[in-house]
$ cat protein-v8.txt   # compact mmCIF, C-alpha atoms and all ligand atoms
# COMPACT_ATOMS: atom_id res chain seq x y z
CA MET A 14 87.22 106.46 135.74
CA ASN A 15 85.01 107.17 138.74
CA THR A 16 86.33 107.81 142.26
CA GLU A 17 86.95 104.14 143.09
CA ASP A 18 88.59 103.46 139.69
CA THR A 19 90.85 106.47 140.28
CA ARG A 20 91.77 105.31 143.78
CA LEU A 21 92.71 101.86 142.42
CA ALA A 22 94.64 103.34 139.47
CA LEU A 23 96.60 105.59 141.83
CA LEU A 24 97.36 102.60 144.08
CA ALA A 25 98.79 100.87 140.98
CA VAL A 26 100.88 104.01 140.33
CA CYS A 27 102.22 103.93 143.91
CA ASP A 28 103.14 100.23 143.58
CA ALA A 29 104.89 100.82 140.25
CA VAL A 30 106.98 103.68 141.65
CA LEU A 31 107.83 101.64 144.78
CA ASP A 32 108.87 98.67 142.59
CA SER A 33 111.17 100.99 140.60
CA GLU A 34 113.14 102.40 143.53
CA GLU A 35 116.38 100.67 142.56
CA LEU A 36 116.14 101.67 138.90
CA LEU A 37 115.51 105.30 139.87
CA THR A 38 118.36 105.28 142.36
CA GLU A 39 120.73 104.04 139.66
CA ALA A 40 119.49 106.64 137.16
CA ASP A 41 120.07 109.44 139.69
CA MET A 42 123.45 108.01 140.73
CA ALA A 43 124.60 108.29 137.11
CA ILE A 44 123.91 112.03 136.71
CA GLY A 45 122.68 113.31 140.10
CA ASP A 46 123.09 112.53 143.79
CA GLY A 47 121.33 109.15 143.91
CA ASP A 48 118.38 110.15 146.09
CA HIS A 49 115.59 110.10 143.51
CA GLY A 50 114.52 106.48 144.12
CA ILE A 51 114.35 106.78 147.88
CA GLY A 52 112.65 110.19 147.70
CA MET A 53 109.93 108.99 145.33
CA SER A 54 109.45 105.84 147.41
CA ARG A 55 108.91 107.87 150.57
CA GLY A 56 106.20 110.02 148.97
CA PHE A 57 104.40 107.26 147.11
CA TRP A 58 104.55 104.96 150.15
CA ALA A 59 102.78 107.65 152.19
CA ALA A 60 100.26 108.11 149.37
CA LYS A 61 99.64 104.36 149.20
CA ARG A 62 98.94 104.13 152.92
CA GLN A 63 96.35 106.90 152.71
CA LEU A 64 94.74 105.58 149.51
CA ASP A 65 94.40 102.22 151.27
CA ALA A 66 93.04 103.54 154.55
CA LYS A 67 90.84 106.55 153.85
CA CYS A 68 87.43 107.06 152.31
CA PHE A 69 87.40 109.27 149.23
CA ASN A 70 84.41 111.21 147.93
CA SER A 71 85.82 112.37 144.60
CA VAL A 72 88.57 111.90 142.04
CA THR A 73 89.75 115.34 143.17
CA ASP A 74 90.34 114.06 146.72
CA CYS A 75 92.23 110.98 145.46
CA LEU A 76 94.62 113.11 143.39
CA LYS A 77 95.00 115.68 146.19
CA CYS A 78 95.97 112.92 148.63
CA VAL A 79 98.83 111.84 146.33
CA GLY A 80 99.93 115.44 145.75
CA PHE A 81 100.15 116.26 149.46
CA ALA A 82 101.88 112.98 150.32
CA VAL A 83 104.54 113.49 147.66
CA ILE A 84 105.11 117.18 148.46
CA SER A 85 105.39 116.56 152.18
CA LYS A 86 107.31 113.25 152.22
CA SER A 87 109.47 112.96 149.07
CA GLY A 88 111.72 115.97 149.52
CA GLY A 89 114.25 117.10 146.92
CA ALA A 90 113.41 118.92 143.71
CA SER A 91 111.25 116.02 142.57
CA GLY A 92 109.03 116.10 145.67
CA ALA A 93 107.99 119.67 144.82
CA ILE A 94 107.76 118.94 141.08
CA PHE A 95 105.72 115.70 141.22
CA GLY A 96 103.63 117.01 144.13
CA THR A 97 102.85 120.11 142.07
CA PHE A 98 101.80 117.88 139.17
CA PHE A 99 99.30 115.89 141.25
CA LEU A 100 97.91 118.97 143.01
CA ALA A 101 97.37 120.72 139.66
CA ALA A 102 95.70 117.53 138.39
CA SER A 103 93.47 117.51 141.44
CA LYS A 104 92.46 121.14 140.96
CA GLU A 105 91.62 120.54 137.29
CA THR A 106 89.15 117.78 138.25
CA GLU A 107 87.16 119.89 140.75
CA GLY A 108 83.41 119.40 140.29
CA GLU A 109 83.85 116.42 137.93
CA THR A 110 82.54 112.96 138.81
CA GLU A 111 84.79 110.92 136.53
CA ILE A 112 87.95 111.13 134.47
CA THR A 113 87.14 111.01 130.76
CA HIS A 114 89.68 111.26 127.95
CA GLN A 115 88.93 114.98 127.64
CA LEU A 116 89.53 115.50 131.36
CA PHE A 117 92.70 113.40 131.23
CA GLU A 118 94.03 115.69 128.49
CA ARG A 119 93.14 118.74 130.62
CA ILE A 120 94.91 117.11 133.60
CA LEU A 121 98.14 116.68 131.61
CA ASP A 122 97.84 120.24 130.30
CA ALA A 123 97.28 121.76 133.75
CA GLY A 124 100.01 119.55 135.24
CA SER A 125 102.61 120.52 132.69
CA ASN A 126 101.79 124.24 133.01
CA ALA A 127 102.00 124.05 136.81
CA VAL A 128 105.34 122.18 136.72
CA ALA A 129 106.78 124.65 134.20
CA ASN A 130 105.66 127.59 136.37
CA ARG A 131 107.00 125.97 139.53
CA GLY A 132 110.41 124.91 138.20
CA GLY A 133 110.97 127.18 135.20
CA ALA A 134 112.04 124.34 132.88
CA SER A 135 111.48 124.39 129.11
CA PRO A 136 111.21 121.50 126.64
CA GLY A 137 114.64 119.99 125.98
CA ASP A 138 116.06 120.92 129.41
CA LYS A 139 116.33 117.24 130.43
CA THR A 140 113.63 117.11 133.10
CA MET A 141 110.42 115.16 133.69
CA LEU A 142 108.68 117.73 131.46
CA ASP A 143 110.34 116.03 128.49
CA ALA A 144 108.21 112.97 129.26
CA LEU A 145 105.11 114.91 130.38
CA ARG A 146 104.79 117.25 127.38
CA PRO A 147 104.87 114.50 124.70
CA ALA A 148 102.33 112.56 126.79
CA ARG A 149 100.00 115.55 126.77
CA VAL A 150 100.32 115.94 122.97
CA ALA A 151 99.76 112.22 122.37
CA ALA A 152 96.68 112.11 124.64
CA SER A 153 95.04 114.98 122.77
CA ASN A 154 94.53 112.85 119.63
CA ALA A 155 92.76 110.02 121.48
CA LYS A 156 89.07 109.13 121.14
CA SER A 157 88.67 107.25 124.43
CA LEU A 158 90.31 107.17 127.86
CA VAL A 159 91.90 103.76 127.21
CA GLU A 160 93.40 105.11 123.97
CA ALA A 161 94.55 108.33 125.68
CA LEU A 162 96.29 106.44 128.50
CA LYS A 163 98.03 104.08 126.07
CA ALA A 164 99.16 106.95 123.83
CA ALA A 165 100.37 108.99 126.82
CA SER A 166 102.25 106.00 128.22
CA GLU A 167 104.06 105.32 124.93
CA ALA A 168 104.87 108.99 124.38
CA ALA A 169 106.18 109.41 127.94
CA ALA A 170 108.47 106.39 127.52
CA ALA A 171 109.80 107.76 124.23
CA GLY A 172 110.17 111.19 125.86
CA ALA A 173 112.17 109.74 128.76
CA GLU A 174 114.41 107.92 126.27
CA SER A 175 114.92 111.16 124.32
CA THR A 176 116.36 112.87 127.42
CA LYS A 177 119.54 110.80 126.87
CA GLU A 178 120.38 113.21 124.04
CA MET A 179 119.81 116.34 126.14
CA ILE A 180 122.12 118.51 128.19
CA ALA A 181 120.55 119.37 131.58
CA LYS A 182 119.59 122.98 132.33
CA HIS A 183 118.22 122.29 135.84
CA GLY A 184 119.02 120.30 138.94
CA LYS A 185 122.15 118.37 139.84
CA ALA A 186 122.89 117.11 136.29
CA LYS A 187 123.33 120.71 135.11
CA SER A 188 126.90 120.88 136.41
CA LEU A 189 127.85 117.79 134.35
CA GLY A 190 127.20 119.53 131.02
CA ALA A 191 127.88 117.17 128.08
CA ARG A 192 129.01 114.41 130.48
CA ALA A 193 125.32 113.70 131.18
CA LEU A 194 124.77 112.81 127.52
CA GLY A 195 123.79 109.17 127.06
CA TYR A 196 121.99 109.02 130.43
CA PRO A 197 118.22 109.50 130.79
CA ASP A 198 116.72 112.01 133.22
CA PRO A 199 115.57 110.19 136.40
CA GLY A 200 112.40 112.25 136.82
CA ALA A 201 111.41 111.61 133.19
CA ILE A 202 111.73 107.88 133.86
CA THR A 203 109.49 108.25 136.94
CA PHE A 204 106.87 110.09 134.92
CA SER A 205 106.88 107.37 132.27
CA ILE A 206 106.48 104.72 135.01
CA ILE A 207 103.45 106.63 136.35
CA MET A 208 101.84 106.78 132.89
CA LYS A 209 102.53 103.10 132.22
CA ALA A 210 100.93 102.07 135.52
CA LEU A 211 97.84 104.19 134.70
CA ALA A 212 97.57 102.68 131.22
CA ASN A 213 97.93 99.13 132.55
CA SER A 214 95.30 99.68 135.21
CA SER A 215 92.64 100.94 132.77
P1 LIG B 1 117.29 116.46 143.62
O1 LIG B 1 117.67 117.03 142.26
O2 LIG B 1 116.92 117.52 144.60
O3 LIG B 1 118.30 115.47 144.12
P2 LIG B 1 115.64 114.26 142.77
O4 LIG B 1 116.89 113.54 142.49
O5 LIG B 1 114.63 113.54 143.61
O6 LIG B 1 115.90 115.69 143.37
O7 LIG B 1 114.88 114.58 141.40
C1 LIG B 1 115.55 114.99 140.26
C2 LIG B 1 114.52 115.10 139.15
O8 LIG B 1 113.63 116.19 139.38
C3 LIG B 1 115.15 115.38 137.80
O9 LIG B 1 115.53 114.17 137.18
C4 LIG B 1 114.08 116.15 137.04
O10 LIG B 1 113.24 115.29 136.28
C5 LIG B 1 113.24 116.76 138.14
N1 LIG B 1 113.49 118.19 138.21
C6 LIG B 1 114.49 118.84 138.84
N2 LIG B 1 114.39 120.17 138.67
C7 LIG B 1 113.30 120.36 137.86
C8 LIG B 1 112.66 121.52 137.28
N3 LIG B 1 113.12 122.76 137.52
N4 LIG B 1 111.58 121.33 136.51
C9 LIG B 1 111.09 120.08 136.27
N5 LIG B 1 111.65 118.96 136.79
C10 LIG B 1 112.72 119.10 137.55
MG MG B 2 118.70 113.59 143.27
$ encode --input "protein-v8.txt" --output "structure tokens" --more "lines below"
Ligand code: ADP
Ligand code: MG
Amino acid sequence: MNTEDTRLALLAVCDAVLDSEELLTEADMAIGDGDHGIGMSRGFWAAKRQLDAKCFNSVTDCLKCVGFAVISKSGGASGAIFGTFFLAASKETEGETEITHQLFERILDAGSNAVANRGGASPGDKTMLDALRPARVAASNAKSLVEALKAASEAAAAGAESTKEMIAKHGKAKSLGARALGYPDPGAITFSIIMKALANSS
């Protein structure tokens, strides 16, 4: 994916997150405070406007634009977490002209390390990392970018589904303990939506 492909793929990501606002609101109402859908919409709406209006010289700039928009507009824990992911992704692509399957794997690796450092979550804690980490593992076996995106998308969806069986160690769902069992983590759903939109746009 060159700069223009990346810009278009990220626009598809923004649209997918915006289309999912209601679903994400419901997921966060079940085990949180219900603001995840509106928060993500705010950030990805701001990102969409900039991706539409500005000129971008690199894949790095495209990813940075999304990171800053989400960090500054989404708010909540997820604004910092998803913003951190995109900014780490942007940093990993510095000096590169296109996203290959090897770079995509490095992006997921850098993103998951940055999110873990930022929020202190571990695998199994019922956060978006439980969708991100399996995506990273799945992408590492791929032989092309199309294959990597498809594998990451499927693994992220399965990872989000697996959070139903987890007890939350972070965020608002933590106080629910075992009462959050049976409900998926909202941020993990968002991450799987992002991966699916990327895979569909490739
Ligand atoms: P808030 O919890 O402030 O209301 P949101 O509802 O927008 O924020 O987002 C909640 C989501 O953020 C969770 O579903 C989870 O995926 C993610 N999240 C929260 N805390 C962390 C953390 N420490 N590490 C990784 N992800 C986290
Ligand atoms: Mg919330």
$ residues_near_point --input "protein-v8.txt" --point "(86.6, 104.9, 139.6)" --cutoff "12 Å" --atoms "only C-alpha atoms" --output "list in words"
Met14, Asn15, Thr16, Glu17, Asp18, Thr19, Arg20, Leu21, Ala22, Leu23, Leu24, Phe69, Asn70, Ser71, Val72, Thr73, Cys75, Glu109, Thr110, Glu111, Ile112, Thr113, Ser214 and Ser215 of chain A
$ residues_near_ligand --input "protein-v8.txt" --ligand "ligand LIG 1 (chain B)" --cutoff "7 Å" --atoms "all atoms listed in the file" --output "list in words"
Asp41, Gly45, Asp46, Gly47, Asp48, His49, Gly52, Met53, Gly89, Ala90, Ser91, Gly92, Ile94, Val128, Ala129, Gly132, Gly133, Ala134, Lys139, Thr140, Met141, Leu142, His183, Gly184, Lys185, Asp198, Pro199, Gly200 and Ala201 of chain A
$ closest_residue --input "protein-v8.txt" --among "A:Ala186, A:Leu31, A:Ala173, A:Cys78" --to "ligand MG 2 (chain B)" --atoms "all atoms listed in the file"
A:Ala186
$ closest_residue --input "protein-v8.txt" --among "A:Ile44, A:Ala59, A:Ala25, A:Ala123" --to "ligand MG 2 (chain B)" --atoms "all atoms listed in the file"
A:Ile44
$ atom_distance --input "protein-v8.txt" --atom1 "atom CA of A:Ala191" --atom2 "atom CA of A:Met42"
16.2 Å
$ atom_distance --input "protein-v8.txt" --atom1 "atom CA of A:Gly88" --atom2 "atom CA of A:Ala60"
13.9 Å
$ closest_residue --input "protein-v8.txt" --among "A:Ser135, A:Asn213, A:Asn126, A:Thr203" --to "A:Ala164" --atoms "only C-alpha atoms"
A:Asn213
$ closest_residue --input "protein-v8.txt" --among "A:Glu167, A:Asp74, A:Glu178, A:Glu39" --to "ligand MG 2 (chain B)" --atoms "all atoms listed in the file"
A:Glu39
$ residues_around --input "protein-v8.txt" --residues "A:Ala148" --least-positions-apart "2" --cutoff "6 Å" --atoms "all atoms listed in the file" --output "JSON, numbers by chain"
{"A": [145, 146, 150, 151, 165, 168, 169]}
$ atom_distance --input "protein-v8.txt" --atom1 "atom CA of A:Ser166" --atom2 "atom CA of A:Met208"
4.8 Å
$ decode --input "protein-v8.txt" --residues "stretch 116-131 of chain A" --atoms "N, CA, C and O atoms" --output "mmCIF file, in the first residue's frame"
data_model
loop_
_atom_site.group_PDB
_atom_site.id
_atom_site.type_symbol
_atom_site.label_atom_id
_atom_site.label_comp_id
_atom_site.auth_asym_id
_atom_site.auth_seq_id
_atom_site.Cartn_x
_atom_site.Cartn_y
_atom_site.Cartn_z
ATOM 1 N N LEU A 116 6.014 -4.974 6.888
ATOM 2 C CA LEU A 116 5.822 -3.727 7.648
ATOM 3 C C LEU A 116 4.507 -3.777 8.427
ATOM 4 O O LEU A 116 4.431 -3.282 9.557
ATOM 5 N N PHE A 117 3.480 -4.388 7.842
ATOM 6 C CA PHE A 117 2.207 -4.503 8.561
ATOM 7 C C PHE A 117 2.399 -5.309 9.855
ATOM 8 O O PHE A 117 1.877 -4.934 10.914
ATOM 9 N N GLU A 118 3.179 -6.359 9.786
ATOM 10 C CA GLU A 118 3.456 -7.159 10.994
ATOM 11 C C GLU A 118 4.205 -6.298 12.029
ATOM 12 O O GLU A 118 3.878 -6.313 13.212
ATOM 13 N N ARG A 119 5.184 -5.523 11.544
ATOM 14 C CA ARG A 119 5.931 -4.634 12.469
ATOM 15 C C ARG A 119 4.999 -3.584 13.079
ATOM 16 O O ARG A 119 5.146 -3.200 14.251
ATOM 17 N N ILE A 120 4.032 -3.100 12.293
ATOM 18 C CA ILE A 120 3.071 -2.100 12.783
ATOM 19 C C ILE A 120 2.250 -2.693 13.941
ATOM 20 O O ILE A 120 2.067 -2.062 14.991
ATOM 21 N N LEU A 121 1.767 -3.919 13.744
ATOM 22 C CA LEU A 121 0.954 -4.547 14.802
ATOM 23 C C LEU A 121 1.804 -4.819 16.046
ATOM 24 O O LEU A 121 1.329 -4.683 17.184
ATOM 25 N N ASP A 122 3.065 -5.179 15.822
ATOM 26 C CA ASP A 122 3.968 -5.444 16.935
ATOM 27 C C ASP A 122 4.234 -4.160 17.734
ATOM 28 O O ASP A 122 4.081 -4.123 18.957
ATOM 29 N N ALA A 123 4.597 -3.097 17.017
ATOM 30 C CA ALA A 123 4.879 -1.812 17.670
ATOM 31 C C ALA A 123 3.620 -1.289 18.354
ATOM 32 O O ALA A 123 3.667 -0.762 19.478
ATOM 33 N N GLY A 124 2.480 -1.430 17.675
ATOM 34 C CA GLY A 124 1.214 -0.944 18.240
ATOM 35 C C GLY A 124 0.859 -1.678 19.507
ATOM 36 O O GLY A 124 0.443 -1.059 20.500
ATOM 37 N N SER A 125 1.026 -2.980 19.518
ATOM 38 C CA SER A 125 0.627 -3.713 20.722
ATOM 39 C C SER A 125 1.590 -3.436 21.870
ATOM 40 O O SER A 125 1.170 -3.333 23.028
ATOM 41 N N ASN A 126 2.890 -3.275 21.558
ATOM 42 C CA ASN A 126 3.835 -2.918 22.638
ATOM 43 C C ASN A 126 3.526 -1.537 23.213
ATOM 44 O O ASN A 126 3.549 -1.336 24.431
ATOM 45 N N ALA A 127 3.217 -0.585 22.334
ATOM 46 C CA ALA A 127 2.933 0.779 22.801
ATOM 47 C C ALA A 127 1.665 0.814 23.658
ATOM 48 O O ALA A 127 1.618 1.484 24.699
ATOM 49 N N VAL A 128 0.631 0.071 23.235
ATOM 50 C CA VAL A 128 -0.630 0.044 23.998
ATOM 51 C C VAL A 128 -0.401 -0.614 25.362
ATOM 52 O O VAL A 128 -0.898 -0.134 26.389
ATOM 53 N N ALA A 129 0.367 -1.698 25.367
ATOM 54 C CA ALA A 129 0.640 -2.387 26.642
ATOM 55 C C ALA A 129 1.431 -1.467 27.578
ATOM 56 O O ALA A 129 1.145 -1.394 28.783
ATOM 57 N N ASN A 130 2.397 -0.726 27.030
ATOM 58 C CA ASN A 130 3.174 0.198 27.867
ATOM 59 C C ASN A 130 2.312 1.345 28.378
ATOM 60 O O ASN A 130 2.440 1.769 29.527
ATOM 61 N N ARG A 131 1.427 1.817 27.514
ATOM 62 C CA ARG A 131 0.583 2.964 27.878
ATOM 63 C C ARG A 131 -0.440 2.578 28.945
ATOM 64 O O ARG A 131 -0.644 3.290 29.909
#
